[in-house]
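Undergrad: Contents are mmCIF, C-alpha atoms (C1' of nucleotides); file name structure-v9.cif:
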```cif
data_my_file
#
loop_
_atom_site.group_PDB
_atom_site.id
_atom_site.type_symbol
_atom_site.label_atom_id
_atom_site.label_comp_id
_atom_site.auth_asym_id
_atom_site.auth_seq_id
_atom_site.Cartn_x
_atom_site.Cartn_y
_atom_site.Cartn_z
ATOM 1 C CA MET D 1 93.992 152.460 105.551
ATOM 2 C CA PHE D 2 90.577 151.728 103.947
ATOM 3 C CA HIS D 3 88.698 154.143 101.798
ATOM 4 C CA GLU D 4 85.259 155.048 103.089
ATOM 5 C CA THR D 5 83.460 153.189 100.301
ATOM 6 C CA GLN D 6 85.573 150.109 100.988
ATOM 7 C CA LEU D 7 84.552 150.201 104.646
ATOM 8 C CA ILE D 8 80.927 150.476 103.669
ATOM 9 C CA SER D 9 81.195 147.542 101.338
ATOM 10 C CA ILE D 10 83.019 145.471 103.989
ATOM 11 C CA SER D 11 80.257 146.308 106.469
ATOM 12 C CA LEU D 12 77.642 145.286 103.942
ATOM 13 C CA VAL D 13 79.396 141.990 103.364
ATOM 14 C CA LEU D 14 79.543 141.356 107.128
ATOM 15 C CA LEU D 15 75.894 142.319 107.473
ATOM 16 C CA ASP D 16 75.064 139.998 104.625
ATOM 17 C CA ILE D 17 76.935 137.113 106.257
ATOM 18 C CA THR D 18 75.160 137.789 109.535
ATOM 19 C CA ILE D 19 71.755 137.811 107.888
ATOM 20 C CA CYS D 20 72.519 134.667 105.922
ATOM 21 C CA GLY D 21 73.760 133.014 109.089
ATOM 22 C CA ARG D 22 70.530 133.864 110.828
ATOM 23 C CA MET D 23 68.504 132.800 107.842
ATOM 24 C CA ASN D 24 70.295 129.505 107.633
ATOM 25 C CA GLN D 25 69.715 128.861 111.282
ATOM 26 C CA GLU D 26 66.043 129.600 110.907
ATOM 27 C CA MET D 27 65.591 127.729 107.689
ATOM 28 C CA MET D 28 67.743 124.788 108.559
ATOM 29 C CA ALA D 29 66.055 121.951 110.292
ATOM 30 C CA SER D 30 67.911 119.537 112.483
ATOM 31 C CA LEU D 31 66.706 116.084 113.213
ATOM 32 C CA TYR D 32 67.955 113.934 116.018
ATOM 33 C CA VAL D 33 68.121 110.303 114.927
ATOM 34 C CA GLY D 34 68.521 107.882 117.790
ATOM 35 C CA ASP D 35 68.546 104.158 118.520
ATOM 36 C CA LEU D 36 70.911 103.568 115.612
ATOM 37 C CA HIS D 37 72.641 100.265 115.029
ATOM 38 C CA PRO D 38 76.327 100.740 115.932
ATOM 39 C CA GLU D 39 77.387 99.855 112.386
ATOM 40 C CA VAL D 40 75.341 102.646 110.804
ATOM 41 C CA THR D 41 77.647 105.165 109.138
ATOM 42 C CA GLU D 42 77.340 108.764 108.002
ATOM 43 C CA ALA D 43 77.216 107.516 104.422
ATOM 44 C CA LEU D 44 74.367 105.138 105.117
ATOM 45 C CA LEU D 45 72.465 107.897 106.870
ATOM 46 C CA ALA D 46 73.008 110.206 103.917
ATOM 47 C CA TRP D 47 71.825 107.554 101.513
ATOM 48 C CA THR D 48 68.814 106.763 103.674
ATOM 49 C CA PHE D 49 67.638 110.309 104.305
ATOM 50 C CA SER D 50 68.468 111.956 100.984
ATOM 51 C CA PRO D 51 65.144 111.072 99.304
ATOM 52 C CA ALA D 52 63.479 113.536 101.675
ATOM 53 C CA GLY D 53 65.414 116.540 100.396
ATOM 54 C CA ARG D 54 68.737 118.346 100.357
ATOM 55 C CA ILE D 55 70.838 117.498 103.359
ATOM 56 C CA HIS D 56 73.040 120.260 104.714
ATOM 57 C CA SER D 57 75.156 118.062 106.959
ATOM 58 C CA ILE D 58 75.204 114.899 108.980
ATOM 59 C CA ARG D 59 76.866 114.416 112.316
ATOM 60 C CA LEU D 60 77.085 110.870 113.576
ATOM 61 C CA CYS D 61 78.285 111.098 117.146
ATOM 62 C CA ARG D 62 81.228 108.893 117.947
ATOM 63 C CA ASP D 63 83.313 108.153 120.962
ATOM 64 C CA TRP D 64 86.117 110.690 120.724
ATOM 65 C CA LYS D 65 88.759 108.100 121.424
ATOM 66 C CA THR D 66 87.614 104.815 119.876
ATOM 67 C CA ARG D 67 85.596 106.508 117.093
ATOM 68 C CA SER D 68 82.880 103.933 117.559
ATOM 69 C CA SER D 69 79.321 105.111 116.995
ATOM 70 C CA LEU D 70 77.339 106.302 119.987
ATOM 71 C CA GLY D 71 74.147 105.253 118.237
ATOM 72 C CA TYR D 72 72.727 108.646 117.426
ATOM 73 C CA ALA D 73 73.186 111.310 114.817
ATOM 74 C CA PHE D 74 72.026 114.718 113.710
ATOM 75 C CA VAL D 75 70.721 115.000 110.185
ATOM 76 C CA ASN D 76 70.480 118.628 109.155
ATOM 77 C CA PHE D 77 68.309 119.564 106.222
ATOM 78 C CA GLU D 78 68.505 122.809 104.320
ATOM 79 C CA GLN D 79 64.760 123.186 104.378
ATOM 80 C CA ARG D 80 62.386 122.620 107.213
ATOM 81 C CA ALA D 81 59.780 121.115 104.926
ATOM 82 C CA ASP D 82 62.285 118.458 103.878
ATOM 83 C CA ALA D 83 63.078 117.632 107.484
ATOM 84 C CA GLU D 84 59.371 117.284 108.191
ATOM 85 C CA ARG D 85 59.058 114.973 105.231
ATOM 86 C CA ALA D 86 62.055 112.971 106.457
ATOM 87 C CA MET D 87 60.431 112.544 109.832
ATOM 88 C CA GLU D 88 57.246 111.288 108.201
ATOM 89 C CA MET D 89 59.166 108.966 105.928
ATOM 90 C CA PHE D 90 61.670 107.518 108.339
ATOM 91 C CA HIS D 91 60.375 107.725 111.900
ATOM 92 C CA PHE D 92 60.671 104.158 113.209
ATOM 93 C CA GLU D 93 61.724 102.808 109.837
ATOM 94 C CA LEU D 94 64.181 99.961 110.138
ATOM 95 C CA LEU D 95 67.822 100.709 109.437
ATOM 96 C CA MET D 96 70.065 97.660 109.791
ATOM 97 C CA GLY D 97 67.177 95.972 111.517
ATOM 98 C CA ARG D 98 66.521 98.658 114.127
ATOM 99 C CA PRO D 99 63.716 101.168 114.264
ATOM 100 C CA MET D 100 65.209 104.665 114.142
ATOM 101 C CA ARG D 101 63.831 107.241 116.535
ATOM 102 C CA VAL D 102 63.563 110.465 114.548
ATOM 103 C CA GLN D 103 62.814 113.591 116.509
ATOM 104 C CA TRP D 104 63.354 117.309 116.187
ATOM 105 C CA SER D 105 66.699 118.187 117.628
ATOM 106 C CA GLN D 106 66.193 119.720 121.039
ATOM 107 C CA ARG D 107 69.406 121.381 122.118
ATOM 108 C CA ASP D 108 68.032 122.475 125.450
ATOM 109 C CA LYS D 109 68.931 119.683 127.834
ATOM 110 C CA SER D 110 66.494 120.790 130.515
ATOM 111 C CA LEU D 111 63.621 120.721 128.017
ATOM 112 C CA ARG D 112 64.803 117.343 126.733
ATOM 113 C CA ASN D 113 64.933 115.840 130.161
ATOM 114 C CA SER D 114 61.666 117.323 131.342
ATOM 115 C CA SER D 115 59.392 114.604 132.582
ATOM 116 C CA ILE D 116 56.257 116.655 131.948
ATOM 117 C CA GLY D 117 53.960 114.596 129.772
ATOM 118 C CA ASN D 118 56.179 111.556 130.061
ATOM 119 C CA LEU D 119 54.569 108.197 130.770
ATOM 120 C CA PHE D 120 55.947 104.857 131.822
ATOM 121 C CA ILE D 121 54.028 101.844 130.533
ATOM 122 C CA LYS D 122 54.557 98.354 131.886
ATOM 123 C CA ASN D 123 53.202 94.870 131.448
ATOM 124 C CA LEU D 124 53.127 95.315 127.689
ATOM 125 C CA ASP D 125 52.419 92.252 125.613
ATOM 126 C CA LYS D 126 55.443 91.119 123.594
ATOM 127 C CA SER D 127 53.528 91.747 120.381
ATOM 128 C CA ILE D 128 53.483 95.475 121.097
ATOM 129 C CA ASP D 129 56.533 97.074 119.584
ATOM 130 C CA THR D 130 57.579 100.704 119.475
ATOM 131 C CA LEU D 131 55.360 101.355 116.469
ATOM 132 C CA ALA D 132 52.320 99.791 117.998
ATOM 133 C CA LEU D 133 52.861 101.862 121.108
ATOM 134 C CA PHE D 134 53.405 105.002 119.082
ATOM 135 C CA HIS D 135 50.287 104.588 116.998
ATOM 136 C CA THR D 136 48.130 103.562 119.885
ATOM 137 C CA PHE D 137 49.154 106.535 122.005
ATOM 138 C CA SER D 138 49.210 109.035 119.147
ATOM 139 C CA ALA D 139 45.439 108.920 119.286
ATOM 140 C CA PHE D 140 45.599 110.975 122.477
ATOM 141 C CA GLY D 141 47.943 113.758 121.445
ATOM 142 C CA LYS D 142 51.268 114.641 119.925
ATOM 143 C CA VAL D 143 53.951 112.141 120.893
ATOM 144 C CA LEU D 144 57.459 113.582 121.137
ATOM 145 C CA SER D 145 59.219 110.349 121.917
ATOM 146 C CA CYS D 146 58.240 106.751 122.238
ATOM 147 C CA LYS D 147 60.063 103.530 122.847
ATOM 148 C CA VAL D 148 59.510 99.921 123.798
ATOM 149 C CA VAL D 149 62.614 98.783 125.630
ATOM 150 C CA GLY D 150 64.411 95.951 123.873
ATOM 151 C CA ASP D 151 62.236 96.352 120.793
ATOM 152 C CA GLU D 152 64.460 94.857 118.092
ATOM 153 C CA LYS D 153 65.616 91.939 120.243
ATOM 154 C CA GLY D 154 62.159 91.297 121.581
ATOM 155 C CA SER D 155 60.189 93.552 123.867
ATOM 156 C CA GLU D 156 61.097 93.631 127.529
ATOM 157 C CA GLY D 157 57.493 94.449 128.277
ATOM 158 C CA TYR D 158 57.779 98.099 129.193
ATOM 159 C CA GLY D 159 58.302 101.391 127.486
ATOM 160 C CA TYR D 160 57.901 105.137 127.445
ATOM 161 C CA VAL D 161 55.638 107.599 125.734
ATOM 162 C CA HIS D 162 56.528 111.250 126.050
ATOM 163 C CA PHE D 163 53.708 113.571 125.028
ATOM 164 C CA GLU D 164 54.086 117.187 124.089
ATOM 165 C CA SER D 165 51.673 118.189 126.827
ATOM 166 C CA ALA D 166 50.829 116.975 130.301
ATOM 167 C CA GLU D 167 47.150 117.111 129.333
ATOM 168 C CA ALA D 168 47.588 114.629 126.513
ATOM 169 C CA ALA D 169 49.568 112.338 128.795
ATOM 170 C CA ASP D 170 46.891 112.422 131.476
ATOM 171 C CA PHE D 171 44.246 111.870 128.854
ATOM 172 C CA ALA D 172 46.027 108.766 127.565
ATOM 173 C CA MET D 173 46.732 107.496 131.051
ATOM 174 C CA ASN D 174 43.136 107.916 132.185
ATOM 175 C CA ARG D 175 41.790 106.240 129.075
ATOM 176 C CA LEU D 176 44.218 103.351 128.692
ATOM 177 C CA ASN D 177 45.466 102.482 132.168
ATOM 178 C CA GLY D 178 44.173 99.041 133.099
ATOM 179 C CA LYS D 179 42.951 98.242 129.598
ATOM 180 C CA VAL D 180 43.864 94.882 128.154
ATOM 181 C CA LEU D 181 46.097 95.552 125.174
ATOM 182 C CA ASN D 182 46.748 92.514 123.019
ATOM 183 C CA GLY D 183 45.799 90.224 125.858
ATOM 184 C CA ARG D 184 47.699 91.876 128.700
ATOM 185 C CA LYS D 185 46.514 94.486 131.113
ATOM 186 C CA VAL D 186 48.773 97.501 130.808
ATOM 187 C CA PHE D 187 49.789 99.699 133.706
ATOM 188 C CA ILE D 188 50.491 103.331 133.013
ATOM 189 C CA GLU D 189 52.117 105.786 135.369
ATOM 190 C CA ARG D 190 53.788 109.122 135.107
ATOM 191 C CA PHE D 191 57.451 108.673 134.425
ATOM 192 C CA LYS D 192 59.661 108.946 137.476
ATOM 193 C CA SER D 193 63.332 109.715 137.295
ATOM 194 C CA ARG D 194 65.815 107.445 139.009
ATOM 195 C CA GLU D 195 66.007 109.880 141.928
ATOM 196 C CA GLU D 196 62.244 110.056 142.355
ATOM 197 C CA ARG D 197 62.094 106.303 142.166
ATOM 198 C CA LYS D 198 64.803 105.833 144.765
ATOM 199 C CA ALA D 199 63.039 108.217 147.112
ATOM 200 C CA GLN D 200 59.822 106.280 146.686
ATOM 201 C CA VAL D 201 61.403 102.902 147.430
ATOM 202 C CA GLY D 202 62.954 104.421 150.539
ATOM 203 C CA GLN D 203 59.585 105.668 151.651
ATOM 204 C CA TRP D 204 57.718 102.399 151.285
ATOM 205 C CA GLY D 205 60.510 99.902 151.585
ATOM 206 C CA TRP D 206 59.013 97.463 149.108
ATOM 207 C CA LYS D 207 58.808 96.994 145.408
ATOM 208 C CA PRO D 208 55.377 97.093 143.800
ATOM 209 C CA VAL D 209 54.217 93.819 142.323
ATOM 210 C CA PHE D 210 51.941 93.622 139.333
ATOM 211 C CA VAL D 211 50.126 90.661 137.998
ATOM 212 C CA ASP D 212 49.066 89.881 134.477
ATOM 213 C CA VAL D 213 45.310 89.854 134.732
ATOM 214 C CA ALA D 214 43.854 87.356 132.320
ATOM 215 C CA GLN D 215 40.308 88.656 132.556
ATOM 216 C CA GLN D 216 39.561 90.181 129.206
ATOM 217 C CA LYS D 217 36.853 92.574 130.196
ATOM 218 C CA GLU D 218 38.402 95.639 128.713
ATOM 219 C CA GLU D 219 40.356 94.717 125.676
ATOM 220 C CA CYS D 220 41.988 96.900 123.106
ATOM 221 C CA GLN D 221 44.254 96.171 120.201
ATOM 222 C CA ALA D 222 47.539 97.917 119.704
ATOM 223 C CA TYR D 223 48.491 98.387 116.102
ATOM 224 C CA PRO D 224 51.977 98.115 114.723
ATOM 225 C CA VAL D 225 51.492 99.976 111.497
ATOM 226 C CA HIS D 226 54.220 101.988 109.861
ATOM 227 C CA GLN D 227 56.863 99.290 109.970
ATOM 228 C CA ASN D 228 54.599 97.057 107.999
ATOM 229 C CA ARG D 229 54.122 99.167 104.935
ATOM 230 C CA GLN D 230 56.347 96.908 102.904
ATOM 231 C CA ARG D 231 54.874 93.752 104.301
ATOM 232 C CA MET D 232 51.401 95.003 103.568
ATOM 233 C CA ALA D 233 52.384 96.090 100.097
ATOM 234 C CA SER D 234 53.871 92.716 99.269
ATOM 235 C CA MET D 235 50.927 90.955 100.806
ATOM 236 C CA GLN D 236 48.560 92.904 98.607
ATOM 237 C CA ALA D 237 50.741 92.336 95.588
ATOM 238 C CA GLN D 238 50.614 88.621 96.170
ATOM 239 C CA ASN D 239 46.879 88.841 96.697
ATOM 240 C CA LEU D 240 47.197 87.005 99.986
ATOM 241 C CA ALA D 241 44.919 89.275 101.934
ATOM 242 C CA ALA D 242 41.790 87.307 101.149
ATOM 243 C CA SER D 243 43.297 84.151 102.594
ATOM 244 C CA PHE D 244 43.492 85.630 106.083
ATOM 245 C CA SER D 245 40.659 84.480 108.231
ATOM 246 C CA PRO D 246 38.935 86.869 110.622
ATOM 247 C CA SER D 247 39.997 84.758 113.588
ATOM 248 C CA GLN D 248 43.645 85.519 113.006
ATOM 249 C CA LYS D 249 45.452 88.177 114.949
ATOM 250 C CA VAL D 250 45.003 91.527 113.331
ATOM 251 C CA GLU D 251 47.684 92.741 111.017
ATOM 252 C CA PRO D 252 48.357 96.416 110.597
ATOM 253 C CA CYS D 253 47.330 98.276 107.496
ATOM 254 C CA LEU D 254 48.090 101.535 105.775
ATOM 255 C CA ASP D 255 44.729 103.008 106.602
ATOM 256 C CA LEU D 256 45.484 102.813 110.284
ATOM 257 C CA LEU D 257 48.768 104.617 109.869
ATOM 258 C CA TRP D 258 46.822 107.489 108.462
ATOM 259 C CA THR D 259 44.110 107.037 111.044
ATOM 260 C CA ALA D 260 46.204 107.155 114.162
ATOM 261 C CA GLN D 261 47.807 110.425 113.165
ATOM 262 C CA THR D 262 44.624 112.201 112.260
ATOM 263 C CA ILE D 263 42.276 110.806 114.830
ATOM 264 C CA GLN D 264 39.876 113.211 116.465
ATOM 265 C CA SER D 265 39.793 113.288 120.220
ATOM 266 C CA GLN D 266 36.050 112.576 120.231
ATOM 267 C CA TYR D 267 36.805 109.032 119.177
ATOM 268 C CA VAL D 268 38.986 108.303 122.147
ATOM 269 C CA GLN D 269 36.556 109.720 124.656
ATOM 270 C CA ASN D 270 34.698 106.442 124.577
ATOM 271 C CA ILE D 271 36.891 103.443 124.189
ATOM 272 C CA PRO D 272 34.652 100.422 124.212
ATOM 273 C CA ASP D 273 35.201 97.906 126.971
ATOM 274 C CA VAL D 274 35.561 95.099 124.507
ATOM 275 C CA VAL D 275 37.223 95.720 121.225
ATOM 276 C CA GLN D 276 38.198 93.427 118.452
ATOM 277 C CA PRO D 277 40.568 93.984 115.586
ATOM 278 C CA VAL D 278 39.135 94.353 112.117
ATOM 279 C CA PRO D 279 40.014 91.318 110.018
ATOM 280 C CA VAL D 280 42.795 91.990 107.565
ATOM 281 C CA HIS D 281 40.819 91.161 104.487
ATOM 282 C CA GLN D 282 38.356 93.884 105.371
ATOM 283 C CA GLN D 283 41.112 96.421 105.821
ATOM 284 C CA THR D 284 43.169 96.040 102.730
ATOM 285 C CA GLY D 285 42.371 97.980 99.613
ATOM 286 C CA GLY D 286 39.147 99.256 101.041
ATOM 287 C CA THR D 287 37.831 102.655 101.922
ATOM 288 C CA ILE D 288 38.221 104.015 105.404
ATOM 289 C CA THR D 289 34.970 103.571 107.224
ATOM 290 C CA SER D 290 36.155 104.420 110.692
ATOM 291 C CA THR D 291 38.808 106.752 112.005
ATOM 292 C CA SER D 292 39.160 105.034 115.326
ATOM 293 C CA PRO D 293 41.908 102.517 116.015
ATOM 294 C CA PHE D 294 39.489 100.774 118.312
ATOM 295 C CA THR D 295 36.776 98.681 116.816
ATOM 296 C CA MET D 296 33.654 97.671 118.637
ATOM 297 C CA PHE D 297 33.112 94.027 119.270
ATOM 298 C CA GLU D 298 29.560 93.020 118.493
ATOM 299 C "C1'" DT N 1 61.516 96.974 134.572
ATOM 300 C "C1'" DC N 2 61.213 104.276 134.999
ATOM 301 C "C1'" DT N 3 65.005 106.575 128.101
ATOM 302 C "C1'" DT N 4 66.788 109.666 125.028
ATOM 303 C "C1'" DA N 5 71.464 113.918 123.079
ATOM 304 C "C1'" DT N 6 78.999 116.083 122.232
ATOM 305 C "C1'" DT N 7 76.606 119.035 116.040
#
```
Before we go any further, please render this structure as structure tokens.
TA:
Amino acid sequence: MFHETQLISISLVLLDITICGRMNQEMMASLYVGDLHPEVTEALLAWTFSPAGRIHSIRLCRDWKTRSSLGYAFVNFEQRADAERAMEMFHFELLMGRPMRVQWSQRDKSLRNSSIGNLFIKNLDKSIDTLALFHTFSAFGKVLSCKVVGDEKGSEGYGYVHFESAEAADFAMNRLNGKVLNGRKVFIERFKSREERKAQVGQWGWKPVFVDVAQQKEECQAYPVHQNRQRMASMQAQNLAASFSPSQKVEPCLDLLWTAQTIQSQYVQNIPDVVQPVPVHQQTGGTITSTSPFTMFE
DNA sequence: TCTTATT
């Protein structure tokens, strides 16, 4: 039927397709984008993410019957470097008023649902949003996932930080548990699944009660940073920075965005008992004098 | 008060 040379060339074509398929899989980089506003469309996602690089495809997951958005999507880039850039550019950026959670796509459900390195944080001050939590905890290790529940509508006072490693999670828990963050003493525990939690309640028969301790012996400041790039930029443009008095609540700045991601662990070994935010007018437009998100109170 | 995901 086929001449020998034809068979060889067909095989080569198949081999080529196989290799390209593999290559594409390796090269392609898939991002999971969660916490999307229900009105966000594929087109809006494409428009939003395209500045990062060439997008291979976008899959916004919808209810198969109603076609309404399920609030998450996969944005697939042709190049891994572009996906990395997209994550840097858009992680927790607001889209239709909601901070997007941008993570590497993890297709393995068991890995996704692993509670190793996962922390539950409660009694959070309302001023601490997902970004503040993310930047504060990023000082202790690589954060895979982070969320303040109810963020866009107003914090419900608790959230999650999932670290890449159990060590980083323990490190953060040991260092920050019981610290006063923005005026409230935070409680940090390892995350427990619903089943674990149920078992625990059954064992003790009562619900734990926690109290907001007003004593400000150990106080830290959580920094919402990334979200405020535009606000900071416009503030600087309007030259308003100088009008902020040191007594005002700290506002985030660009320097701290950079800081939190590159912080050395030596700086978080010794979190001072009393810390005070750096006044805004000292932060803007200046050089970085400290790489710690915690500032000593003199 | 203990998340998240159907390419």
Undergrad: Please determine the contact residues of chain D with respect to chain N at a cut-off of 10 Å, counting all atoms listed in the file, and supply them as a PyMOL selection string.
TA: chain D and resi 30+32-35+57-64+72-76+101+105-109+112-113+119-123+145-149+156-162+189-194+196-197
Undergrad: Skipping near chain neighbours, those fewer than 3 positions away, what residues fall within 9 Å of Ile128 of chain D using all atoms listed in the file, listed as a list of chain:residue names?
TA: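 The residues that qualify are D:Leu124, D:Asp125, D:Leu131, D:Ala132, D:Leu133, D:Val148, D:Asp151, D:Ser155, D:Gly157, D:Leu181, D:Asn182, D:Ala222, D:Tyr223, D:Pro224.
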Undergrad: Just the number, please: distance in Å from atom CA of Asn177 of chain D to atom CA of His91 of chain D, one decimal.
TA: 25.7 Å
Undergrad: I'd like to know which of D:Ala166, D:Leu36, D:Ala172, D:Ala46 is closest to Ser114 of chain D, using only C-alpha atoms.
TA: D:Ala166
Undergrad: Provide the atom CA of Lys198 of chain D to atom CA of Gly117 of chain D distance in Å, to one decimal place.
TA: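 One can read the atom CA of Lys198 of chain D to atom CA of Gly117 of chain D distance as 20.5 Å.
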Undergrad: Could you check how far atom CA of Pro99 of chain D sits from atom CA of Leu44 of chain D, in Å to one decimal?
TA: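 A separation of 14.6 Å between them.
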Undergrad: Let me have the centre and edge lengths of the axis-aligned box enclosing all listed atoms of chain N with 3 Å padding on every side, in Å to one decimal, as AutoDock Vina command-line options.
TA:
```
--center_x 70.1 --center_y 108.0 --center_z 125.5 --size_x 23.8 --size_y 28.1 --size_z 25.0
```
Undergrad: Which residue gives the smallest distance to Phe134 of chain D among D:Glu167, D:Ala199, D:Phe92, D:Gln221, with only C-alpha atoms counted?
TA: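 Result for the nearest residue to Phe134 of chain D: D:Phe92.
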Undergrad: Expand the PyMOL selection byres ((chain D and resi 38) around 9) into the individual residues it matches in the shown file, reporting them as an MDAnalysis selection string.
TA: chainID D and resid 35:37 39:41 68:72
Undergrad: Is there a way to complete segment 148-164 of chain D with N, CA, C and O atoms and then write that out as a short mmCIF file (atom, residue, chain, number, x, y, z; two decimals), keeping the file's coordinate frame?
TA:
```
data_model
loop_
_atom_site.label_atom_id
_atom_site.label_comp_id
_atom_site.auth_asym_id
_atom_site.auth_seq_id
_atom_site.Cartn_x
_atom_site.Cartn_y
_atom_site.Cartn_z
N VAL D 148 59.66 101.16 123.05
CA VAL D 148 59.51 99.92 123.80
C VAL D 148 60.92 99.41 124.05
O VAL D 148 61.71 99.26 123.12
N VAL D 149 61.25 99.20 125.30
CA VAL D 149 62.61 98.78 125.63
C VAL D 149 62.88 97.38 125.09
O VAL D 149 62.06 96.47 125.24
N GLY D 150 64.01 97.25 124.42
CA GLY D 150 64.41 95.95 123.87
C GLY D 150 63.75 95.60 122.55
O GLY D 150 63.91 94.49 122.07
N ASP D 151 63.05 96.57 121.99
CA ASP D 151 62.24 96.35 120.79
C ASP D 151 62.82 95.36 119.78
O ASP D 151 62.24 94.30 119.53
N GLU D 152 63.98 95.67 119.21
CA GLU D 152 64.46 94.86 118.09
C GLU D 152 64.85 93.44 118.50
O GLU D 152 64.80 92.52 117.70
N LYS D 153 65.23 93.28 119.79
CA LYS D 153 65.62 91.94 120.24
C LYS D 153 64.42 91.17 120.79
O LYS D 153 64.51 90.00 121.11
N GLY D 154 63.33 91.86 120.92
CA GLY D 154 62.16 91.30 121.58
C GLY D 154 61.83 92.15 122.78
O GLY D 154 62.69 92.37 123.64
N SER D 155 60.60 92.61 122.84
CA SER D 155 60.19 93.55 123.87
C SER D 155 60.49 93.05 125.28
O SER D 155 60.35 91.88 125.58
N GLU D 156 60.92 93.98 126.12
CA GLU D 156 61.10 93.63 127.53
C GLU D 156 59.83 93.90 128.34
O GLU D 156 59.83 93.78 129.56
N GLY D 157 58.79 94.32 127.62
CA GLY D 157 57.49 94.45 128.28
C GLY D 157 57.22 95.79 128.93
O GLY D 157 56.24 95.95 129.63
N TYR D 158 58.08 96.76 128.69
CA TYR D 158 57.78 98.10 129.19
C TYR D 158 58.35 99.15 128.25
O TYR D 158 59.20 98.85 127.40
N GLY D 159 57.86 100.34 128.40
CA GLY D 159 58.30 101.39 127.49
C GLY D 159 57.90 102.77 127.96
O GLY D 159 57.38 102.93 129.09
N TYR D 160 58.14 103.74 127.10
CA TYR D 160 57.90 105.14 127.44
C TYR D 160 57.14 105.82 126.32
O TYR D 160 57.38 105.55 125.15
N VAL D 161 56.27 106.72 126.71
CA VAL D 161 55.64 107.60 125.73
C VAL D 161 55.71 109.00 126.30
O VAL D 161 55.17 109.27 127.38
N HIS D 162 56.40 109.86 125.61
CA HIS D 162 56.53 111.25 126.05
C HIS D 162 55.66 112.13 125.16
O HIS D 162 55.92 112.28 123.98
N PHE D 163 54.61 112.69 125.76
CA PHE D 163 53.71 113.57 125.03
C PHE D 163 54.21 115.01 125.09
O PHE D 163 54.95 115.40 126.00
N GLU D 164 53.74 115.77 124.12
CA GLU D 164 54.09 117.19 124.09
C GLU D 164 53.50 117.92 125.29
O GLU D 164 54.10 118.83 125.83
#
```
